[in-house]
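Pasting input_21.cif here (mmCIF, C-alpha atoms and all ligand atoms):
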data_final
#
loop_
_atom_site.label_atom_id
_atom_site.label_comp_id
_atom_site.auth_asym_id
_atom_site.auth_seq_id
_atom_site.Cartn_x
_atom_site.Cartn_y
_atom_site.Cartn_z
CA MET A 6 0.00 0.00 0.00
CA ALA A 7 2.94 2.27 -0.69
CA ASP A 8 1.28 4.57 -3.23
CA VAL A 9 -1.77 5.73 -1.31
CA SER A 10 -2.14 8.80 0.86
CA ILE A 11 -1.71 8.80 4.62
CA ASP A 12 -5.47 9.47 4.92
CA THR A 13 -6.06 6.05 3.36
CA LEU A 14 -3.22 4.31 5.19
CA VAL A 15 -4.57 5.20 8.64
CA VAL A 16 -7.80 3.39 7.78
CA HIS A 17 -6.45 0.32 6.00
CA ALA A 18 -2.82 -0.41 6.94
CA GLY A 19 -2.38 -3.38 9.28
CA GLU A 20 -6.05 -4.36 9.13
CA LYS A 21 -7.70 -7.33 7.48
CA ALA A 22 -10.84 -9.31 8.27
CA ASP A 23 -10.20 -11.85 11.04
CA PRO A 24 -9.61 -15.19 9.28
CA THR A 25 -11.58 -17.27 11.80
CA THR A 26 -14.65 -15.07 12.36
CA GLY A 27 -14.66 -12.56 9.51
CA ALA A 28 -14.73 -9.70 12.06
CA LEU A 29 -13.77 -6.48 10.27
CA THR A 30 -12.40 -4.80 13.38
CA PRO A 31 -9.17 -6.39 14.65
CA PRO A 32 -9.88 -8.55 17.71
CA ILE A 33 -8.15 -7.92 21.04
CA HIS A 34 -6.13 -11.03 21.79
CA MET A 35 -5.82 -11.07 25.58
CA SER A 36 -3.54 -14.08 25.97
CA ALA A 37 -0.18 -14.15 27.73
CA ALA A 38 1.04 -17.19 25.78
CA PHE A 39 0.40 -18.92 22.47
CA GLU A 40 0.43 -22.60 21.53
CA LEU A 41 3.85 -23.23 20.05
CA PRO A 42 4.52 -24.68 16.58
CA GLU A 43 5.61 -28.33 16.31
CA PHE A 44 9.28 -29.17 16.79
CA GLY A 45 11.19 -27.81 13.82
CA PRO A 46 12.34 -24.50 12.28
CA GLN A 47 9.06 -22.69 13.12
CA LEU A 48 9.43 -23.50 16.79
CA PHE A 49 13.04 -22.35 16.72
CA ASP A 50 11.94 -19.09 15.09
CA ALA A 51 9.17 -18.55 17.65
CA LEU A 52 11.56 -19.03 20.56
CA MET A 53 14.65 -17.29 19.14
CA MET A 54 12.90 -14.61 17.03
CA GLU A 55 15.14 -15.26 14.06
CA SER A 56 12.79 -13.82 11.41
CA HIS A 57 11.20 -10.36 11.34
CA GLN A 58 7.73 -11.73 12.09
CA PRO A 59 8.24 -14.96 14.03
CA PRO A 60 5.27 -17.10 15.18
CA TYR A 61 3.77 -15.78 18.44
CA ALA A 62 5.04 -17.46 21.60
CA TYR A 63 4.78 -15.11 24.56
CA THR A 64 3.04 -11.72 24.68
CA ARG A 65 6.05 -9.76 25.97
CA TRP A 66 7.89 -10.63 22.73
CA GLY A 67 5.01 -9.67 20.43
CA HIS A 68 1.29 -10.25 19.97
CA PRO A 69 -1.30 -10.01 17.18
CA THR A 70 -3.01 -6.85 18.48
CA GLY A 71 0.36 -5.12 18.80
CA ARG A 72 1.19 -6.17 15.27
CA VAL A 73 -1.84 -4.29 13.91
CA LEU A 74 -0.50 -1.11 15.54
CA GLU A 75 3.05 -1.85 14.36
CA GLU A 76 1.99 -2.39 10.74
CA LYS A 77 -0.09 0.80 10.77
CA MET A 78 2.77 2.85 12.20
CA ALA A 79 5.39 1.42 9.82
CA ALA A 80 3.12 2.36 6.92
CA LEU A 81 2.37 5.85 8.26
CA GLU A 82 6.02 6.72 8.87
CA GLY A 83 7.20 5.01 5.66
CA GLY A 84 9.54 2.68 7.57
CA ALA A 85 10.30 -1.00 7.03
CA ALA A 86 9.20 -2.11 10.51
CA ALA A 87 7.83 -0.85 13.82
CA LEU A 88 7.82 -1.92 17.43
CA ALA A 89 5.02 -1.04 19.88
CA LEU A 90 5.93 -0.65 23.56
CA ALA A 91 4.30 0.07 26.91
CA SER A 92 4.94 3.84 26.92
CA GLY A 93 6.88 6.56 25.19
CA MET A 94 9.65 6.19 27.77
CA ALA A 95 9.73 2.42 27.14
CA ALA A 96 10.38 3.28 23.48
CA VAL A 97 13.07 5.87 24.27
CA SER A 98 14.91 3.60 26.72
CA ALA A 99 14.59 0.52 24.48
CA LEU A 100 16.24 2.37 21.61
CA LEU A 101 19.03 3.86 23.73
CA PHE A 102 19.83 0.69 25.67
CA THR A 103 19.98 -1.34 22.45
CA PHE A 104 22.34 0.95 20.57
CA LEU A 105 24.50 2.36 23.39
CA SER A 106 27.07 0.51 25.50
CA SER A 107 29.52 1.60 28.15
CA GLY A 108 32.24 3.72 26.45
CA ASP A 109 29.91 4.99 23.72
CA HIS A 110 28.89 8.61 23.30
CA VAL A 111 25.47 10.11 22.53
CA VAL A 112 24.52 13.66 21.54
CA ALA A 113 21.04 14.67 22.69
CA SER A 114 18.79 17.72 22.92
CA GLU A 115 19.43 19.73 26.10
CA VAL A 116 15.69 20.38 26.11
CA CYS A 117 13.40 17.46 25.57
CA TYR A 118 10.72 15.58 27.48
CA ALA A 119 11.78 15.66 31.15
CA GLY A 120 11.93 11.86 31.48
CA SER A 121 14.22 11.66 28.44
CA VAL A 122 16.52 14.50 29.48
CA GLU A 123 16.88 12.96 32.95
CA LEU A 124 17.76 9.65 31.31
CA PHE A 125 20.50 11.46 29.38
CA GLY A 126 21.62 13.71 32.19
CA GLU A 127 21.64 11.25 35.07
CA TYR A 128 20.97 7.66 34.13
CA LEU A 129 23.09 6.96 31.03
CA PRO A 130 26.26 8.49 32.55
CA ARG A 131 25.81 6.06 35.46
CA GLN A 132 25.95 3.22 32.91
CA GLY A 133 29.24 4.48 31.46
CA VAL A 134 27.74 6.20 28.41
CA ALA A 135 29.17 9.67 27.70
CA VAL A 136 26.44 12.23 26.98
CA SER A 137 26.65 15.67 25.35
CA LEU A 138 23.51 17.73 25.84
CA VAL A 139 23.38 20.44 23.18
CA ASP A 140 20.99 22.89 21.56
CA THR A 141 19.92 20.61 18.70
CA GLY A 142 18.27 23.63 17.05
CA ASP A 143 21.87 24.65 16.25
CA VAL A 144 23.41 22.30 13.66
CA ASP A 145 26.93 23.64 14.31
CA ALA A 146 26.61 22.88 18.02
CA VAL A 147 25.68 19.28 17.20
CA GLN A 148 28.58 19.03 14.73
CA ALA A 149 31.00 20.33 17.36
CA ALA A 150 29.77 17.78 19.92
CA LEU A 151 30.34 14.71 17.70
CA ARG A 152 33.16 12.34 18.67
CA PRO A 153 34.66 9.18 17.12
CA THR A 154 32.67 7.21 19.72
CA THR A 155 29.31 8.90 18.98
CA ARG A 156 26.76 6.17 18.19
CA VAL A 157 23.47 8.06 18.40
CA VAL A 158 22.26 11.62 17.82
CA TYR A 159 18.91 12.03 19.55
CA VAL A 160 16.59 14.95 18.90
CA GLU A 161 13.09 15.88 19.78
CA THR A 162 11.34 18.21 17.35
CA PRO A 163 9.26 20.16 18.16
CA ALA A 164 10.89 19.95 21.59
CA ASN A 165 8.82 19.49 24.73
CA PRO A 166 8.11 21.96 26.30
CA ILE A 167 9.76 24.95 24.58
CA LEU A 168 8.97 24.12 20.93
CA ARG A 169 12.48 24.45 19.59
CA ILE A 170 12.67 22.99 16.06
CA ALA A 171 15.63 20.87 14.90
CA ASP A 172 16.65 20.54 11.24
CA ILE A 173 16.20 16.79 10.70
CA ALA A 174 17.76 16.64 7.20
CA ALA A 175 20.88 18.60 8.23
CA LEU A 176 21.32 16.55 11.42
CA ALA A 177 20.92 13.27 9.50
CA GLU A 178 23.73 14.32 7.19
CA ILE A 179 26.23 15.17 9.92
CA ALA A 180 25.25 12.20 12.11
CA HIS A 181 25.77 9.79 9.22
CA ALA A 182 29.07 11.40 8.23
CA ALA A 183 30.22 10.71 11.81
CA GLY A 184 29.00 7.10 11.68
CA ALA A 185 26.12 7.73 14.12
CA LEU A 186 22.40 7.00 13.95
CA LEU A 187 19.85 9.79 14.02
CA ALA A 188 16.78 9.12 16.20
CA VAL A 189 13.92 11.63 16.22
CA ASP A 190 11.21 11.86 18.87
CA SER A 191 8.38 13.12 16.67
CA THR A 192 5.65 12.88 19.33
CA TRP A 193 4.60 16.53 19.07
CA ALA A 194 4.15 16.41 15.30
CA GLY A 195 2.98 12.85 14.66
CA PRO A 196 3.30 11.15 11.27
CA CYS A 197 0.86 13.49 9.47
CA LEU A 198 2.81 16.73 9.95
CA GLN A 199 6.45 15.64 9.74
CA ARG A 200 8.30 12.77 7.99
CA PRO A 201 11.60 12.15 9.84
CA LEU A 202 12.52 8.98 7.92
CA ALA A 203 12.00 10.66 4.54
CA LEU A 204 14.25 13.48 5.79
CA GLY A 205 17.05 10.99 6.54
CA ALA A 206 16.49 9.94 10.18
CA ASP A 207 17.17 6.27 10.99
CA TYR A 208 14.55 5.89 13.71
CA VAL A 209 11.43 7.81 14.61
CA LEU A 210 9.87 7.46 18.06
CA HIS A 211 6.53 8.42 19.51
CA SER A 212 4.83 8.56 22.82
CA ALA A 213 1.65 6.94 21.46
CA THR A 214 -0.03 8.18 24.65
CA LYS A 215 -0.35 11.57 22.99
CA TYR A 216 -1.59 12.30 19.45
CA LEU A 217 -1.46 8.73 18.07
CA ASN A 218 -4.03 7.59 20.61
CA GLY A 219 -5.65 11.01 20.79
CA HIS A 220 -8.21 10.16 23.46
CA GLY A 221 -6.05 10.24 26.57
CA ASP A 222 -7.03 6.74 27.66
CA ALA A 223 -3.94 4.56 27.11
CA LEU A 224 -0.16 4.69 27.48
CA GLY A 225 1.97 3.43 24.62
CA GLY A 226 5.13 4.01 22.61
CA VAL A 227 6.28 3.20 19.09
CA ILE A 228 9.63 3.02 17.28
CA VAL A 229 9.77 2.87 13.49
CA GLY A 230 12.93 2.10 11.50
CA PRO A 231 14.83 -0.50 9.46
CA ALA A 232 13.72 -4.14 9.86
CA GLU A 233 17.08 -5.37 11.19
CA GLY A 234 17.31 -2.64 13.81
CA ILE A 235 13.70 -3.02 14.95
CA GLN A 236 14.19 -6.78 15.28
CA ARG A 237 17.30 -6.16 17.37
CA ILE A 238 15.41 -3.79 19.70
CA ARG A 239 12.64 -6.39 20.08
CA LYS A 240 15.10 -9.19 20.84
CA GLU A 241 17.26 -7.19 23.22
CA ALA A 242 15.16 -4.51 24.87
CA LEU A 243 11.71 -6.03 24.81
CA VAL A 244 12.95 -9.42 25.97
CA HIS A 245 15.40 -8.10 28.58
CA LEU A 246 13.87 -4.81 29.74
CA GLY A 247 10.28 -5.92 29.32
CA GLY A 248 8.38 -2.78 28.25
CA ALA A 249 5.65 -4.71 26.42
CA ILE A 250 2.41 -2.95 25.48
CA SER A 251 -0.84 -4.54 26.62
CA PRO A 252 -3.04 -5.83 23.79
CA PHE A 253 -5.89 -3.62 25.00
CA ASN A 254 -3.75 -0.46 24.86
CA ALA A 255 -2.41 -1.43 21.42
CA TRP A 256 -6.01 -1.82 20.25
CA LEU A 257 -7.08 1.56 21.66
CA ILE A 258 -4.11 3.30 20.02
CA ALA A 259 -4.63 1.57 16.65
CA ARG A 260 -8.26 2.63 16.80
CA GLY A 261 -7.34 6.20 17.71
CA LEU A 262 -4.92 6.34 14.77
CA VAL A 263 -7.74 6.00 12.26
CA THR A 264 -8.78 9.63 12.87
CA LEU A 265 -5.24 11.04 13.22
CA PRO A 266 -5.21 13.18 10.02
CA LEU A 267 -8.60 14.72 10.87
CA ARG A 268 -7.55 15.42 14.43
CA MET A 269 -4.15 16.90 13.51
CA ALA A 270 -5.76 19.29 11.04
CA ARG A 271 -8.20 20.40 13.72
CA HIS A 272 -5.55 20.67 16.49
CA SER A 273 -3.32 22.73 14.17
CA GLU A 274 -6.09 25.08 13.10
CA GLY A 275 -7.26 25.57 16.70
CA ALA A 276 -3.74 26.15 18.02
CA LEU A 277 -2.98 28.79 15.38
CA THR A 278 -6.22 30.63 16.23
CA VAL A 279 -5.50 30.46 19.99
CA ALA A 280 -1.85 31.50 19.45
CA ARG A 281 -2.90 34.59 17.47
CA PHE A 282 -5.43 35.52 20.15
CA LEU A 283 -2.87 35.16 22.95
CA ALA A 284 -0.24 37.16 21.05
CA ASP A 285 -2.53 40.22 21.32
CA HIS A 286 -3.64 39.65 24.91
CA PRO A 287 -2.61 42.28 27.50
CA ALA A 288 -1.89 39.63 30.18
CA VAL A 289 0.53 37.77 27.87
CA THR A 290 4.07 38.86 27.04
CA GLN A 291 5.15 36.17 24.61
CA VAL A 292 3.64 33.31 22.60
CA THR A 293 5.74 30.51 21.12
CA TYR A 294 4.12 28.52 18.30
CA PRO A 295 6.00 27.27 15.21
CA GLY A 296 3.16 28.53 13.01
CA LEU A 297 3.68 32.17 14.09
CA GLU A 298 6.18 34.28 12.16
CA SER A 299 7.60 35.40 15.51
CA HIS A 300 8.89 31.85 16.24
CA PRO A 301 12.70 31.83 15.86
CA HIS A 302 12.54 28.66 13.73
CA HIS A 303 9.39 29.52 11.75
CA ALA A 304 11.11 29.24 8.35
CA LEU A 305 12.53 25.80 9.20
CA ALA A 306 9.16 24.68 10.57
CA CYS A 307 7.54 25.75 7.26
CA ARG A 308 10.07 23.65 5.32
CA GLN A 309 9.90 20.61 7.55
CA MET A 310 6.28 20.44 8.74
CA SER A 311 3.03 20.48 6.74
CA ALA A 312 1.15 22.09 9.68
CA PHE A 313 2.28 23.14 13.15
CA GLY A 314 0.34 20.93 15.56
CA GLY A 315 -1.66 21.59 18.69
CA MET A 316 1.08 22.64 21.14
CA LEU A 317 2.01 26.19 22.10
CA THR A 318 3.45 28.02 25.09
CA PHE A 319 2.96 31.51 26.44
CA GLN A 320 4.47 33.73 29.13
CA LEU A 321 2.41 35.74 31.60
CA ARG A 322 3.02 39.41 32.36
CA HIS A 323 2.40 38.74 36.06
CA GLY A 324 4.33 35.46 36.32
CA LEU A 325 3.56 32.74 38.82
CA GLY A 326 0.72 34.57 40.58
CA ALA A 327 -1.10 34.90 37.25
CA ALA A 328 -0.39 31.22 36.47
CA ILE A 329 -2.03 30.16 39.74
CA THR A 330 -5.08 32.29 38.96
CA LEU A 331 -5.23 30.87 35.44
CA ALA A 332 -5.11 27.29 36.76
CA GLU A 333 -7.87 28.08 39.21
CA LYS A 334 -10.20 29.90 36.81
CA ILE A 335 -10.12 27.82 33.63
CA ARG A 336 -13.33 25.89 32.93
CA LEU A 337 -12.96 24.21 29.53
CA PHE A 338 -9.21 23.75 29.82
CA THR A 339 -7.98 21.29 32.43
CA TYR A 340 -4.86 21.96 34.48
CA ALA A 341 -2.96 18.75 33.74
CA THR A 342 0.19 17.27 32.28
CA SER A 343 0.09 15.18 29.10
CA LEU A 344 -1.03 16.41 25.69
CA GLY A 345 -2.60 15.46 22.40
CA HIS A 346 -5.95 14.55 23.91
CA ALA A 347 -9.39 15.55 22.63
CA ARG A 348 -9.81 17.87 25.64
CA SER A 349 -7.60 20.95 25.99
CA LEU A 350 -4.97 20.87 28.74
CA LEU A 351 -2.55 23.39 30.14
CA PHE A 352 0.33 23.26 32.58
CA TYR A 353 2.73 25.86 34.05
CA TYR A 354 6.50 25.37 34.13
CA PRO A 355 8.27 27.80 36.50
CA THR A 356 11.73 28.15 34.95
CA ASP A 357 13.48 28.02 38.34
CA LEU A 358 12.12 24.59 39.12
CA TYR A 359 12.40 23.26 35.59
CA VAL A 360 15.95 24.34 34.86
CA ASP A 361 17.83 25.58 37.90
CA ALA A 362 17.02 22.62 40.12
CA VAL A 363 18.79 20.13 37.81
CA SER A 364 22.43 19.19 38.17
CA TYR A 365 23.34 18.27 34.60
CA LEU A 366 22.88 21.62 32.83
CA SER A 367 25.68 24.19 32.70
CA ASP A 368 25.08 27.87 33.46
CA ALA A 369 25.33 28.65 29.74
CA GLN A 370 22.66 26.04 29.00
CA LYS A 371 20.39 27.34 31.75
CA HIS A 372 20.81 30.85 30.37
CA ARG A 373 19.94 29.69 26.83
CA ILE A 374 16.82 27.88 28.04
CA ARG A 375 15.80 30.88 30.14
CA GLU A 376 15.89 32.98 26.97
CA TRP A 377 13.08 30.77 25.62
CA MET A 378 11.12 30.38 28.86
CA GLY A 379 11.50 33.71 30.65
CA GLU A 380 10.29 33.29 34.23
CA GLY A 381 8.02 30.45 33.22
CA ILE A 382 5.76 29.16 30.47
CA VAL A 383 2.21 27.95 30.29
CA ARG A 384 2.27 24.89 28.03
CA VAL A 385 -0.99 24.49 26.15
CA SER A 386 -2.31 21.40 24.39
CA VAL A 387 -5.12 22.71 22.22
CA GLY A 388 -7.80 20.03 21.97
CA LEU A 389 -10.63 19.47 19.55
CA GLU A 390 -13.14 21.92 21.06
CA SER A 391 -14.29 25.06 19.23
CA ALA A 392 -11.37 27.50 19.11
CA GLN A 393 -13.74 30.37 19.89
CA ASP A 394 -14.93 28.63 23.07
CA LEU A 395 -11.32 27.98 24.11
CA ILE A 396 -10.40 31.61 23.51
CA ALA A 397 -13.36 32.81 25.60
CA ASP A 398 -12.29 30.47 28.41
CA LEU A 399 -8.67 31.67 28.36
CA ASP A 400 -9.76 35.29 28.18
CA GLN A 401 -12.00 35.14 31.29
CA ALA A 402 -9.31 33.21 33.20
CA LEU A 403 -6.53 35.63 32.19
CA ARG A 404 -8.63 38.62 33.30
CA ALA A 405 -9.62 37.12 36.67
CA ARG A 406 -8.03 38.11 39.98
CA THR A 407 -7.85 35.79 42.99
CA VAL A 408 -6.36 35.94 46.45
CA LYS A 409 -4.53 32.68 45.82
CA GLY A 410 -2.86 34.16 42.77
CA MET A 411 -1.54 37.03 44.94
CA VAL A 412 -0.06 34.79 47.62
CA GLY A 413 1.32 32.40 45.01
CA PRO A 414 4.83 33.87 44.66
CA ALA A 415 5.41 33.82 48.44
CA ALA A 416 4.24 30.21 48.69
CA TYR A 417 6.42 29.35 45.75
CA ALA A 418 9.53 30.81 47.41
CA VAL A 419 8.98 28.38 50.30
CA LEU A 420 8.36 25.50 47.90
CA LYS A 421 11.58 26.27 46.05
CA ARG A 422 13.58 26.04 49.24
CA LEU A 423 11.98 22.69 50.09
CA GLN A 424 12.09 21.05 46.71
CA GLY A 425 15.06 19.80 44.72
CA GLY A 426 13.34 17.79 41.99
CA SER A 427 12.32 18.82 38.51
CA ALA A 428 8.91 19.40 36.97
CA ARG A 429 8.11 16.23 35.09
CA ALA A 430 5.34 16.52 32.54
C1 LIG A 501 5.09 12.35 26.83
C2 LIG A 501 6.31 12.31 26.04
C3 LIG A 501 7.22 11.23 26.16
C4 LIG A 501 7.01 10.12 27.16
O1 LIG A 501 5.92 9.33 26.80
P1 LIG A 501 5.11 8.40 27.86
O2 LIG A 501 4.11 7.73 26.98
O3 LIG A 501 4.52 9.34 28.87
O4 LIG A 501 6.09 7.47 28.46
C5 LIG A 501 8.33 11.22 25.33
N1 LIG A 501 8.57 12.22 24.47
C6 LIG A 501 7.73 13.27 24.33
C7 LIG A 501 8.06 14.35 23.36
C8 LIG A 501 6.58 13.36 25.11
O5 LIG A 501 5.77 14.42 24.98
#
This entry written out as structure tokens:
Amino acid sequence: MADVSIDTLVVHAGEKADPTTGALTPPIHMSAAFELPEFGPQLFDALMMESHQPPYAYTRWGHPTGRVLEEKMAALEGGAAALALASGMAAVSALLFTFLSSGDHVVASEVCYAGSVELFGEYLPRQGVAVSLVDTGDVDAVQAALRPTTRVVYVETPANPILRIADIAALAEIAHAAGALLAVDSTWAGPCLQRPLALGADYVLHSATKYLNGHGDALGGVIVGPAEGIQRIRKEALVHLGGAISPFNAWLIARGLVTLPLRMARHSEGALTVARFLADHPAVTQVTYPGLESHPHHALACRQMSAFGGMLTFQLRHGLGAAITLAEKIRLFTYATSLGHARSLLFYYPTDLYVDAVSYLSDAQKHRIREWMGEGIVRVSVGLESAQDLIADLDQALRARTVKGMVGPAAYAVLKRLQGGSARA
């Protein structure tokens, strides 16, 4: 089905009528184990996973409901194979632990999903992997960080939460020239808006919890890439680290995928409308959205993305106090982490807690990130509601005054003294 549009692929790829019942919708196979083939090469394949699609043996290694999701995602990203996992972080860690060993070096975005950046900043160094965290929006900075031992260049674009954009084609070229793989976390764009493999990346990853599922009701992760590499990740990381997706979650995500192009168009249109409204709002000092001309990487985003997605951030004139009021007064929006759901969500990142509390960023890096975040950002996941209703909700919440909002900064000063951790969202 290589020659059809992504709108057709989301409906048809990976799906066929169930051979035993004729059911058109893929069944959910809730079984931990499968009857093994008779003694012979098939049994060997099932147990050793020698072929790309071995017979099913045990659900951690692979299962029929997961395969529907994997075939859909391979088709959507234009990759040879895909692997579905229990969460986005299961996908990130499976990829890194398969391709990195003690003594190797990895270059990664200094700003990416908090769980990933902590993995790079704290966890991988403990395993003997050297890590360079750089501004992956700056191709020269990535080039300068490469070493003879660099095995992986890892970027997130758009980057969570600050929406930096990385040039996938340029990074693929320099990573390959250095003998390294390029892996792209494309969660914030999804396969409809950005094509990392076509731009030269080796692997594309997603937190399927977000846009792929779209309904906010299941955790999942996906990696798409070459068949050999995906098989290796399955054999090593899935078997040894165990981040298997449940058949029910795989089913929910595969079902959610069917409407992905419709949802992404709607999220993108809504986010652009909300971004333009916020840019003119007296309570707001700055809006960051790749679809606005004011975004520092707008030209690159126009080249690399077909639309700009549902995520934006903004800064408040009155800082933390205003953020507390906003969180308290919103009615349609929900104050929550996560993103890519049907309902609109927002979440405040105070820069002090997000950046200064962590040990693995240098002062220069903290300064660079502060330039994007100011004192703090409200991260917004624009859902599928009417953009006009969302704007009205934000407007009333941004104009409200509360006592809690006034005492917020004082309470926050105490919190800062007590807390050492980072804001994970
Ligand atoms: C949420 C997120 C992750 C982690 O995914 P989980 O499904 O929560 O494990 C990874 N990368 C990005 C960009 C994310 O937004």
Considering all atoms listed in the file, tabulate each residue of chain A that lies at most 7 Å from ligand LIG 501 (chain A) along with its nearest interatomic pair and the corresponding distance in Å to one decimal; arrange the rows by chain and ascending residue number and present them as a Markdown table.
| residue | atom | partner | partner_atom | distance |
| --- | --- | --- | --- | --- |
| A:Ser92 | CA | A:LIG501 | O2 | 4.0 |
| A:Gly93 | CA | A:LIG501 | O1 | 3.3 |
| A:Met94 | CA | A:LIG501 | O4 | 3.8 |
| A:Ala95 | CA | A:LIG501 | O4 | 6.4 |
| A:Cys117 | CA | A:LIG501 | C7 | 6.6 |
| A:Tyr118 | CA | A:LIG501 | C6 | 4.9 |
| A:Gly120 | CA | A:LIG501 | C4 | 6.8 |
| A:Ser121 | CA | A:LIG501 | C5 | 6.7 |
| A:Glu161 | CA | A:LIG501 | C7 | 6.4 |
| A:Ala164 | CA | A:LIG501 | C7 | 6.5 |
| A:Asn165 | CA | A:LIG501 | C7 | 5.4 |
| A:Asp190 | CA | A:LIG501 | C7 | 6.0 |
| A:Ser191 | CA | A:LIG501 | C7 | 6.8 |
| A:Thr192 | CA | A:LIG501 | C7 | 4.9 |
| A:Trp193 | CA | A:LIG501 | C7 | 5.9 |
| A:His211 | CA | A:LIG501 | N1 | 6.6 |
| A:Ser212 | CA | A:LIG501 | O1 | 4.2 |
| A:Ala213 | CA | A:LIG501 | O2 | 6.1 |
| A:Thr214 | CA | A:LIG501 | O2 | 4.8 |
| A:Lys215 | CA | A:LIG501 | C1 | 6.7 |
| A:Leu224 | CA | A:LIG501 | O2 | 5.3 |
| A:Gly225 | CA | A:LIG501 | O2 | 5.4 |
| A:Gly226 | CA | A:LIG501 | O2 | 5.8 |
| A:Ser343 | CA | A:LIG501 | C1 | 6.2 |
So which residues touch A:Leu217 within 10 Å, counting all atoms listed in the file, skipping near sequence neighbours fewer than 5 positions away, as a PDB file with C-alpha atoms, in the coordinates of the input?
ATOM      1  CA  MET A  78       2.770   2.850  12.200  1.00  0.00           C
ATOM      2  CA  THR A 192       5.650  12.880  19.330  1.00  0.00           C
ATOM      3  CA  TRP A 193       4.600  16.530  19.070  1.00  0.00           C
ATOM      4  CA  ALA A 194       4.150  16.410  15.300  1.00  0.00           C
ATOM      5  CA  GLY A 195       2.980  12.850  14.660  1.00  0.00           C
ATOM      6  CA  PRO A 196       3.300  11.150  11.270  1.00  0.00           C
ATOM      7  CA  HIS A 211       6.530   8.420  19.510  1.00  0.00           C
ATOM      8  CA  SER A 212       4.830   8.560  22.820  1.00  0.00           C
ATOM      9  CA  GLY A 225       1.970   3.430  24.620  1.00  0.00           C
ATOM     10  CA  GLY A 226       5.130   4.010  22.610  1.00  0.00           C
ATOM     11  CA  VAL A 227       6.280   3.200  19.090  1.00  0.00           C
ATOM     12  CA  LEU A 257      -7.080   1.560  21.660  1.00  0.00           C
ATOM     13  CA  ILE A 258      -4.110   3.300  20.020  1.00  0.00           C
ATOM     14  CA  ALA A 259      -4.630   1.570  16.650  1.00  0.00           C
ATOM     15  CA  ARG A 260      -8.260   2.630  16.800  1.00  0.00           C
ATOM     16  CA  GLY A 261      -7.340   6.200  17.710  1.00  0.00           C
ATOM     17  CA  LEU A 262      -4.920   6.340  14.770  1.00  0.00           C
ATOM     18  CA  VAL A 263      -7.740   6.000  12.260  1.00  0.00           C
ATOM     19  CA  THR A 264      -8.780   9.630  12.870  1.00  0.00           C
ATOM     20  CA  LEU A 265      -5.240  11.040  13.220  1.00  0.00           C
ATOM     21  CA  PRO A 266      -5.210  13.180  10.020  1.00  0.00           C
ATOM     22  CA  ARG A 268      -7.550  15.420  14.430  1.00  0.00           C
ATOM     23  CA  MET A 269      -4.150  16.900  13.510  1.00  0.00           C
ATOM     24  CA  GLY A 345      -2.600  15.460  22.400  1.00  0.00           C
ATOM     25  CA  HIS A 346      -5.950  14.550  23.910  1.00  0.00           C
TER      26      HIS A 346
END
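Among A:Pro130, A:Pro287, A:Pro46, A:Gly388, the residue with the shortest atom-to-atom distance to A:Arg404, counting only C-alpha atoms, is A:Pro287.
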Can you pull out every residue within 7 Å of A:Thr64, counting only C-alpha atoms, but drop anything in the same chain fewer than 4 positions away, and send it as a compact mmCIF listing (two decimals) with C-alpha atoms, in the frame of the given file?
# COMPACT_ATOMS: atom_id res chain seq x y z
CA ALA A 37 -0.18 -14.15 27.73
CA ALA A 38 1.04 -17.19 25.78
CA HIS A 68 1.29 -10.25 19.97
**Study point:** Among listed residues A:Ser10, A:Thr293, A:Ser391, A:Thr155, nearest A:Val134 (using all atoms listed in the file)
**Key:**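 Result for the nearest residue to A:Val134: A:Thr155.
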Practice item. Can you work out which one of A:Thr30, A:Asp172, A:Phe39, A:Leu105 has the shortest atom-to-atom distance to A:Leu204, counting all atoms listed in the file? Key: A:Asp172
Point to revise | Within-6 Å shell of (-2.6, -1.5, 11.1) in input frame, all atoms listed in the file, as a PyMOL selection string | key: chain A and resi 18-20+73-74+76-77
Practice item. Tell me which protein, DNA and RNA residues are within 12 Å of A:Arg281, counting only C-alpha atoms, leaving out same-chain ones fewer than 5 positions away, and put them as a ChimeraX atom specification. Key: /A:274-276,286,289,291-299,317-319,392-393,396
Selection above as a file: C-alpha atoms, as a short mmCIF file (atom, residue, chain, number, x, y, z; two decimals), in the frame of the given file:
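Saved to again14.cif:
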data_model
loop_
_atom_site.label_atom_id
_atom_site.label_comp_id
_atom_site.auth_asym_id
_atom_site.auth_seq_id
_atom_site.Cartn_x
_atom_site.Cartn_y
_atom_site.Cartn_z
CA GLU A 274 -6.09 25.08 13.10
CA GLY A 275 -7.26 25.57 16.70
CA ALA A 276 -3.74 26.15 18.02
CA HIS A 286 -3.64 39.65 24.91
CA VAL A 289 0.53 37.77 27.87
CA GLN A 291 5.15 36.17 24.61
CA VAL A 292 3.64 33.31 22.60
CA THR A 293 5.74 30.51 21.12
CA TYR A 294 4.12 28.52 18.30
CA PRO A 295 6.00 27.27 15.21
CA GLY A 296 3.16 28.53 13.01
CA LEU A 297 3.68 32.17 14.09
CA GLU A 298 6.18 34.28 12.16
CA SER A 299 7.60 35.40 15.51
CA LEU A 317 2.01 26.19 22.10
CA THR A 318 3.45 28.02 25.09
CA PHE A 319 2.96 31.51 26.44
CA ALA A 392 -11.37 27.50 19.11
CA GLN A 393 -13.74 30.37 19.89
CA ILE A 396 -10.40 31.61 23.51
#
Exercise: A:Thr330 partners within 8 Å, all atoms listed in the file, chain neighbours under 5 positions left out, as a compact mmCIF listing (two decimals) with C-alpha atoms, in the frame of the given file:
# COMPACT_ATOMS: atom_id res chain seq x y z
CA ALA A 402 -9.31 33.21 33.20
CA LEU A 403 -6.53 35.63 32.19
CA ALA A 405 -9.62 37.12 36.67
CA ARG A 406 -8.03 38.11 39.98
CA THR A 407 -7.85 35.79 42.99
CA LYS A 409 -4.53 32.68 45.82
CA GLY A 410 -2.86 34.16 42.77
